Amino acid sequence: MTEGSAGVSATLRAGLSDVGGAVRDCWGALAFAAMLSVAAGSLPSGARFVIALVAGVIAQGALFRRAFSRATGLKGLRWGRDEWRLLAAQLMILGLFVLIGSILLVIVGGVALGVARTAAPNFDPSTAEAWRAAFAQAGPAGLIVAIVPLASLFVLIWLGLRLSLSAPATVDQAGVRVLSAFPLTRGRTHILLVIGLAISIPVIVLSALLGLAPGQGAMVAAVMAGCTYFYAMPAWTGALAHFYRHSAAQ
């Protein structure tokens, strides 16, 4: 396979062109996942996270099983071994993010504390006013406090992109694949970043437009869930399946 076959235009085209077919074949799973997502909005944060995770796995399972010509169930709606494997992979990735995120949080906090104490020797970290005053006196060193969190966010985005082929690899190889899928994206995270941003643009625009109409919480949630599960997720999973095939073949 040539490099161009898994380039931005080819991968994006593969994802977008198959949205209609994916929705037609998997609308049962996508509709159920969207309903779960909307219903989760009224639950406590912990339960909301669990429901959102399950909804994502149901939709991913249906779409990736279709992409790799596996049994799709009733219009994609089923919970089988692929879904259990995807759930395990997602939990492992979550654990990795928590670990890396905790380390980055300590680094960010340490840098901020160091800059604050350097700028204000009598710095009292117990009050927000003291933090603001210290950063105001930090001068150019205060830029470090802004750069380090941005760099940390970049690391987390990079990690997410490097692990993005875990789901297609898990379904295709019928086994939980997390770090073993890591090499498939080596040197190509920029391609996935551009594709992800391109697919996200309509969702971002729609979200911004809906934000101009306050007081319609349930309706807004339903529209965003529909856009997510009937457009963004089929487009993204289709693009990932295409990208995975060409990356695994090299």
# chains A, B, ... in the order shown; residues from 1 in each chain; ligands from 1
>>> residues_around(residues="A:Ser247", least_positions_apart="6", cutoff="8 Å", atoms="only C-alpha atoms", output="PyMOL selection string")
chain A and resi 6+184-185
>>> write_last_selection(atoms="all heavy atoms", output="mmCIF file, in the first residue's frame")
data_model
loop_
_atom_site.group_PDB
_atom_site.id
_atom_site.type_symbol
_atom_site.label_atom_id
_atom_site.label_comp_id
_atom_site.auth_asym_id
_atom_site.auth_seq_id
_atom_site.Cartn_x
_atom_site.Cartn_y
_atom_site.Cartn_z
ATOM 1 N N ALA A 6 -3.341 5.983 2.724
ATOM 2 C CA ALA A 6 -3.756 6.261 4.096
ATOM 3 C C ALA A 6 -3.483 7.722 4.438
ATOM 4 O O ALA A 6 -3.288 8.070 5.591
ATOM 5 C CB ALA A 6 -3.024 5.346 5.078
ATOM 6 N N LEU A 184 1.142 1.311 15.033
ATOM 7 C CA LEU A 184 0.436 1.516 13.769
ATOM 8 C C LEU A 184 0.265 2.988 13.418
ATOM 9 O O LEU A 184 0.033 3.328 12.245
ATOM 10 C CB LEU A 184 -0.941 0.843 13.820
ATOM 11 C CG LEU A 184 -0.952 -0.678 13.972
ATOM 12 C CD1 LEU A 184 -2.376 -1.186 14.130
ATOM 13 C CD2 LEU A 184 -0.283 -1.337 12.769
ATOM 14 N N THR A 185 0.372 3.858 14.409
ATOM 15 C CA THR A 185 0.195 5.290 14.155
ATOM 16 C C THR A 185 1.516 6.058 14.226
ATOM 17 O O THR A 185 1.501 7.289 14.196
ATOM 18 C CB THR A 185 -0.788 5.891 15.178
ATOM 19 O OG1 THR A 185 -0.328 5.597 16.508
ATOM 20 C CG2 THR A 185 -2.181 5.319 14.999
#
>>> residues_around(residues="A:Ala181", least_positions_apart="4", cutoff="8 Å", atoms="only C-alpha atoms", output="count of residues only")
6
>>> closest_residue(among="A:Ala198, A:Val171, A:Ala134, A:Ala47", to="A:Ala235", atoms="only C-alpha atoms")
A:Ala198
>>> closest_residue(among="A:Ile100, A:Val223, A:Leu161, A:Val106", to="A:Leu193", atoms="only C-alpha atoms")
A:Leu161
>>> residues_around(residues="stretch 63-79 of chain A", least_positions_apart="2", cutoff="10 Å", atoms="only C-alpha atoms", output="number ranges by chain")
A: 18, 21-33, 57-61, 81-84, 167-173, 233-238, 240-242, 245
>>> closest_atom_pairs(of="stretch 52-165 of chain A", to="stretch 37-40 of chain A", cutoff="9 Å", atoms="only C-alpha atoms", output="Markdown table")
| residue | atom | partner | partner_atom | distance |
| --- | --- | --- | --- | --- |
| A:Ala52 | CA | A:Ser37 | CA | 5.7 |
| A:Ala55 | CA | A:Ser37 | CA | 6.5 |
| A:Gly56 | CA | A:Ser37 | CA | 8.7 |
>>> write_last_selection(atoms="N, CA and C atoms", output="PDB file, in the first residue's frame")
ATOM      1  N   ALA A  52     -22.369   6.702  29.300  1.00  0.00           N
ATOM      2  CA  ALA A  52     -21.731   7.230  28.092  1.00  0.00           C
ATOM      3  C   ALA A  52     -20.699   6.245  27.552  1.00  0.00           C
ATOM      4  N   ALA A  55     -22.615   3.376  25.928  1.00  0.00           N
ATOM      5  CA  ALA A  55     -23.198   3.827  24.663  1.00  0.00           C
ATOM      6  C   ALA A  55     -22.138   3.883  23.570  1.00  0.00           C
ATOM      7  N   GLY A  56     -20.962   4.414  23.906  1.00  0.00           N
ATOM      8  CA  GLY A  56     -19.886   4.484  22.927  1.00  0.00           C
ATOM      9  C   GLY A  56     -19.429   3.111  22.470  1.00  0.00           C
TER      10      GLY A  56
END
>>> atom_distance(atom1="atom CA of A:Ala248", atom2="atom CA of A:Val155")
24.2 Å
>>> closest_residue(among="A:Tyr231, A:Phe97, A:Phe154, A:Phe243", to="A:Ile201", atoms="only C-alpha atoms")
A:Tyr231
>>> select_by_dssp(residues="stretch 14-72 of chain A", states="helix (DSSP H, G or I)", output="ChimeraX atom specification")
/A:14-17,19-40,45-67
>>> atom_distance(atom1="atom CA of A:Ser180", atom2="atom CA of A:Val19")
28.0 Å
>>> atom_distance(atom1="atom CA of A:Ser200", atom2="atom CA of A:Ile103")
28.6 Å
>>> residues_around(residues="A:Val194", least_positions_apart="6", cutoff="10 Å", atoms="only C-alpha atoms", output="list in words")
Val8, Ser9, Leu12 and Ser200 of chain A
>>> closest_residue(among="A:Val203, A:Leu104, A:Ala146, A:Ala208", to="A:Ala232", atoms="only C-alpha atoms")
A:Val203
>>> residues_around(residues="A:Ile157", least_positions_apart="4", cutoff="12 Å", atoms="only C-alpha atoms", output="number ranges by chain")
A: 97, 100-101, 150-153, 161-164, 189-190, 192-193, 196-197
